[in-house]
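Have a look at the structure below, then the notes.
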Amino acid sequence: MPQPGSRFVAQMEEILDVYQRPYNADYPQVCLDEIQKVLRSTPRGSLPMEPGQAKREDHEYERHGQCSVFLAVEPLAGFRKVWVSPQRTKLDFAQVLKELVDDVYATARKVVLVTDNLNIHHAACLYERFAPPEARRIAGKLEWHYTPVHASWLNMAECELSVLRRQRLKSRLPDIKTVTAKAEAWQRERNQKQVGIDWRFTTEDARIRLKRLYPIVKVQQSC
């Protein structure tokens, strides 16, 4: 549970203010997060279909490691981009950031980026993968905003990853190739429909509904 304090509310209000900015193609607002998917196959295959029952899998399975699914979503544009990687390391995250600024948003002046506080979510990862001039160049195209600790729910990418997991990644998937195919098909479908995120939680709402998290301000009165 979040702990009351000025640091928490300051970061929360910063994120909420970012979400209130109007759409600007030169400064796209992008939320970035990732999940891990355990790879499993079902040696005996699916169970026979029966009337009134959904598709079922045999309880026996084989595990084949895991992979990471990185997702960037631009809520105001109804756009998302998915990357699937064998690992979730600083180097993988650095590559995602490079592709984000150089390929996905190559014409933007700066990407307004929202992430949580995972240890790999830092510009330092760029210096572990790229030469200093390149790392500095990529970092210079990012306006980074962090959600408060224990408040990753403020990152809209988490909402979008939840949809991806439920719609395409819930079942057993045996390998990265299958995960990638399903994630990319989901991405194309969502982007074609320009599915956005209607974020309605504002700073004003936070000051009312999360009042308990705000520090008590003591005003000194002069005699």
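Following the order of the structure tokens, first chain is A, next is B, and so on, with residues numbered from 1 inside each chain and ligands from 1 in the order they appear.
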- Using only C-alpha atoms, determine which residues lie at most 10 Å from Val96 in chain A, disregarding the query and same-chain residues fewer than 4 positions distant; provide the list as a list in words.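 Here the qualifying residues turn out to be Leu32, Phe70, Leu71, Ala72, Val82, Trp83, Val84, Ser85, Lys90, Leu91, Asp92, Leu100, Val101 and Asp102 of chain A.
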- Message: I'd like to know which residues of range 111-181 of chain A are strand (DSSP E) (by DSSP, run on the backbone); could you write them as a list in words?
- Response: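 So the strand (DSSP E) residues in range 111-181 of chain A would be Val111, Val112, Leu113, Val114, Thr115, Leu142, Glu143, Trp144, His145 and Tyr146 of chain A.
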Any chance you can output those residues with N, CA and C atoms as a CSV table (one decimal), in the first residue's frame?
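result-v5.csv, written as the output of this step:
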```
chain,number,residue,atom,x,y,z
A,111,VAL,N,10.1,12.5,-26.8
A,111,VAL,CA,9.1,11.5,-26.4
A,111,VAL,C,8.9,11.7,-24.9
A,112,VAL,N,7.6,12.0,-24.5
A,112,VAL,CA,7.3,12.2,-23.1
A,112,VAL,C,7.0,10.8,-22.5
A,113,LEU,N,7.9,10.3,-21.8
A,113,LEU,CA,7.9,8.8,-21.4
A,113,LEU,C,7.5,8.7,-19.9
A,114,VAL,N,6.5,7.7,-19.7
A,114,VAL,CA,6.1,7.4,-18.4
A,114,VAL,C,6.5,5.9,-18.1
A,115,THR,N,7.2,5.7,-17.0
A,115,THR,CA,7.5,4.3,-16.6
A,115,THR,C,7.4,4.2,-15.1
A,142,LEU,N,14.2,11.9,-24.7
A,142,LEU,CA,13.3,11.4,-23.7
A,142,LEU,C,13.0,12.4,-22.6
A,143,GLU,N,11.8,12.7,-22.4
A,143,GLU,CA,11.3,13.5,-21.2
A,143,GLU,C,10.7,12.5,-20.2
A,144,TRP,N,11.5,12.1,-19.2
A,144,TRP,CA,11.1,10.9,-18.4
A,144,TRP,C,10.4,11.3,-17.2
A,145,HIS,N,9.3,10.6,-16.9
A,145,HIS,CA,8.4,10.7,-15.8
A,145,HIS,C,8.2,9.4,-15.1
A,146,TYR,N,8.5,9.3,-13.8
A,146,TYR,CA,8.3,8.1,-13.0
A,146,TYR,C,7.1,8.1,-12.2
```
- Query: Taking only C-alpha atoms into account, which of A:Gln192, A:Thr89, A:Thr42, A:Thr147 comes nearest Val9 in chain A?
  - Reply: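 Of A:Gln192, A:Thr89, A:Thr42, A:Thr147, the one nearest Val9 in chain A is A:Thr147, counting only C-alpha atoms.
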- Message: For the alpha helix (DSSP H) assignment from backbone DSSP, which residues of range 60-212 of chain A qualify? Please present them as a PyMOL selection string.
- Response: chain A and resi 90-99+124-129+132-140+156-168+176-193+203-209
Write to file, as a compact mmCIF listing (two decimals), in the first residue's frame, the residues of the selection just made, with C-alpha atoms.
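Final output, result37.txt:
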```
# COMPACT_ATOMS: atom_id res chain seq x y z
CA LYS A 90 19.08 -3.34 -19.02
CA LEU A 91 20.44 -4.10 -22.48
CA ASP A 92 17.04 -5.22 -23.76
CA PHE A 93 15.37 -2.13 -22.34
CA ALA A 94 18.02 0.11 -23.87
CA GLN A 95 17.33 -1.40 -27.29
CA VAL A 96 13.61 -0.76 -26.86
CA LEU A 97 14.33 2.90 -26.02
CA LYS A 98 16.52 3.27 -29.11
CA GLU A 99 13.85 1.83 -31.41
CA ALA A 124 21.84 4.55 -17.25
CA CYS A 125 20.89 1.42 -19.22
CA LEU A 126 21.71 3.30 -22.43
CA TYR A 127 25.33 3.74 -21.35
CA GLU A 128 25.66 -0.01 -20.76
CA ARG A 129 24.64 -0.80 -24.33
CA PRO A 132 28.44 7.61 -24.63
CA PRO A 133 27.56 9.96 -27.55
CA GLU A 134 24.83 7.59 -28.75
CA ALA A 135 23.51 7.02 -25.22
CA ARG A 136 23.36 10.77 -24.63
CA ARG A 137 21.59 11.32 -27.97
CA ILE A 138 18.86 8.80 -27.14
CA ALA A 139 18.46 10.08 -23.59
CA GLY A 140 18.15 13.63 -24.94
CA MET A 156 -1.35 3.30 -18.50
CA ALA A 157 0.90 0.71 -20.14
CA GLU A 158 -0.01 -1.59 -17.27
CA CYS A 159 -3.68 -1.37 -18.31
CA GLU A 160 -2.83 -2.19 -21.91
CA LEU A 161 -0.61 -5.12 -20.93
CA SER A 162 -3.50 -6.51 -18.91
CA VAL A 163 -5.67 -6.45 -22.05
CA LEU A 164 -2.94 -8.15 -24.09
CA ARG A 165 -2.51 -10.86 -21.48
CA ARG A 166 -6.24 -11.60 -21.28
CA GLN A 167 -6.92 -11.50 -25.02
CA ARG A 168 -3.87 -13.24 -26.49
CA ILE A 176 8.92 -16.90 -28.43
CA LYS A 177 7.90 -17.19 -32.08
CA THR A 178 4.31 -17.98 -31.07
CA VAL A 179 4.21 -15.23 -28.46
CA THR A 180 5.55 -12.73 -31.00
CA ALA A 181 2.99 -13.73 -33.63
CA LYS A 182 0.10 -13.38 -31.20
CA ALA A 183 1.34 -10.08 -29.76
CA GLU A 184 1.91 -8.55 -33.20
CA ALA A 185 -1.52 -9.67 -34.46
CA TRP A 186 -3.11 -8.10 -31.37
CA GLN A 187 -1.08 -4.91 -31.94
CA ARG A 188 -2.23 -4.61 -35.56
CA GLU A 189 -5.86 -5.14 -34.63
CA ARG A 190 -5.81 -2.58 -31.82
CA ASN A 191 -3.96 -0.02 -33.92
CA GLN A 192 -6.32 -0.40 -36.86
CA LYS A 193 -9.22 0.35 -34.53
CA THR A 203 -5.17 15.73 -9.85
CA GLU A 204 -8.42 17.14 -8.46
CA ASP A 205 -9.76 13.60 -8.02
CA ALA A 206 -6.56 12.52 -6.26
CA ARG A 207 -6.78 15.36 -3.75
CA ILE A 208 -10.25 14.19 -2.79
CA ARG A 209 -10.17 10.40 -3.12
```
- For CA of Ile120 in chain A and CA of Lys81 in chain A, determine how far apart the two atoms are, in Å to one decimal place.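 Between these atoms lies a distance of 19.1 Å.
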Close residues, range 62-66 of chain A itself excluded, 12 Å, only C-alpha atoms, min 4 positions apart in chain, as a tab-separated table (two decimals) with N, CA and C atoms, in the first residue's frame:
```tsv
chain	number	residue	atom	x	y	z
A	35	ILE	N	5.98	-7.25	-19.21
A	35	ILE	CA	5.59	-8.40	-18.42
A	35	ILE	C	6.43	-9.58	-18.87
A	36	GLN	N	6.44	-10.62	-18.07
A	36	GLN	CA	7.12	-11.85	-18.44
A	36	GLN	C	6.08	-12.94	-18.70
A	37	LYS	N	6.33	-13.72	-19.71
A	37	LYS	CA	5.44	-14.80	-20.09
A	37	LYS	C	6.18	-16.13	-19.99
A	38	VAL	N	5.67	-17.03	-19.18
A	38	VAL	CA	6.25	-18.37	-19.07
A	38	VAL	C	5.85	-19.18	-20.30
A	39	LEU	N	6.82	-19.84	-20.91
A	39	LEU	CA	6.58	-20.62	-22.12
A	39	LEU	C	6.29	-22.08	-21.75
A	40	ARG	N	5.14	-22.55	-22.16
A	40	ARG	CA	4.72	-23.93	-21.86
A	40	ARG	C	4.08	-24.55	-23.08
A	41	SER	N	4.35	-25.81	-23.28
A	41	SER	CA	3.67	-26.57	-24.32
A	41	SER	C	2.80	-27.64	-23.67
A	42	THR	N	1.85	-28.15	-24.43
A	42	THR	CA	0.95	-29.20	-23.94
A	42	THR	C	1.18	-30.46	-24.77
A	43	PRO	N	2.01	-31.38	-24.28
A	43	PRO	CA	2.38	-32.56	-25.09
A	43	PRO	C	1.19	-33.37	-25.58
A	44	ARG	N	0.16	-33.48	-24.76
A	44	ARG	CA	-1.00	-34.30	-25.13
A	44	ARG	C	-2.03	-33.51	-25.94
A	45	GLY	N	-1.77	-32.22	-26.13
A	45	GLY	CA	-2.69	-31.41	-26.92
A	45	GLY	C	-3.93	-30.99	-26.16
A	58	ASP	N	-4.98	-30.23	-21.66
A	58	ASP	CA	-4.63	-31.27	-20.71
A	58	ASP	C	-3.81	-30.65	-19.58
A	84	VAL	N	9.07	-8.40	-28.25
A	84	VAL	CA	9.23	-9.64	-27.48
A	84	VAL	C	10.70	-9.99	-27.45
A	85	SER	N	11.22	-10.24	-26.25
A	85	SER	CA	12.65	-10.49	-26.06
A	85	SER	C	12.84	-11.74	-25.20
A	86	PRO	N	13.92	-12.49	-25.42
A	86	PRO	CA	14.17	-13.66	-24.58
A	86	PRO	C	14.41	-13.29	-23.12
A	87	GLN	N	14.85	-12.04	-22.87
A	87	GLN	CA	15.21	-11.64	-21.52
A	87	GLN	C	14.61	-10.28	-21.18
A	88	ARG	N	14.75	-9.91	-19.91
A	88	ARG	CA	14.37	-8.56	-19.47
A	88	ARG	C	15.56	-7.98	-18.72
A	172	ARG	N	-1.48	-21.42	-22.84
A	172	ARG	CA	-0.10	-21.91	-22.92
A	172	ARG	C	0.47	-21.64	-24.31
A	173	LEU	N	1.65	-21.07	-24.33
A	173	LEU	CA	2.34	-20.80	-25.59
A	173	LEU	C	3.73	-21.41	-25.49
A	174	PRO	N	4.16	-22.15	-26.52
A	174	PRO	CA	5.37	-22.96	-26.38
A	174	PRO	C	6.69	-22.24	-26.62
A	175	ASP	N	6.68	-21.13	-27.37
A	175	ASP	CA	7.96	-20.52	-27.75
A	175	ASP	C	7.79	-19.04	-28.05
A	176	ILE	N	8.93	-18.35	-28.18
A	176	ILE	CA	8.92	-16.90	-28.43
A	176	ILE	C	8.27	-16.59	-29.77
A	177	LYS	N	8.48	-17.43	-30.76
A	177	LYS	CA	7.90	-17.19	-32.08
A	177	LYS	C	6.37	-17.10	-31.99
A	179	VAL	N	4.56	-16.41	-29.24
A	179	VAL	CA	4.21	-15.23	-28.46
A	179	VAL	C	4.30	-13.98	-29.33
```
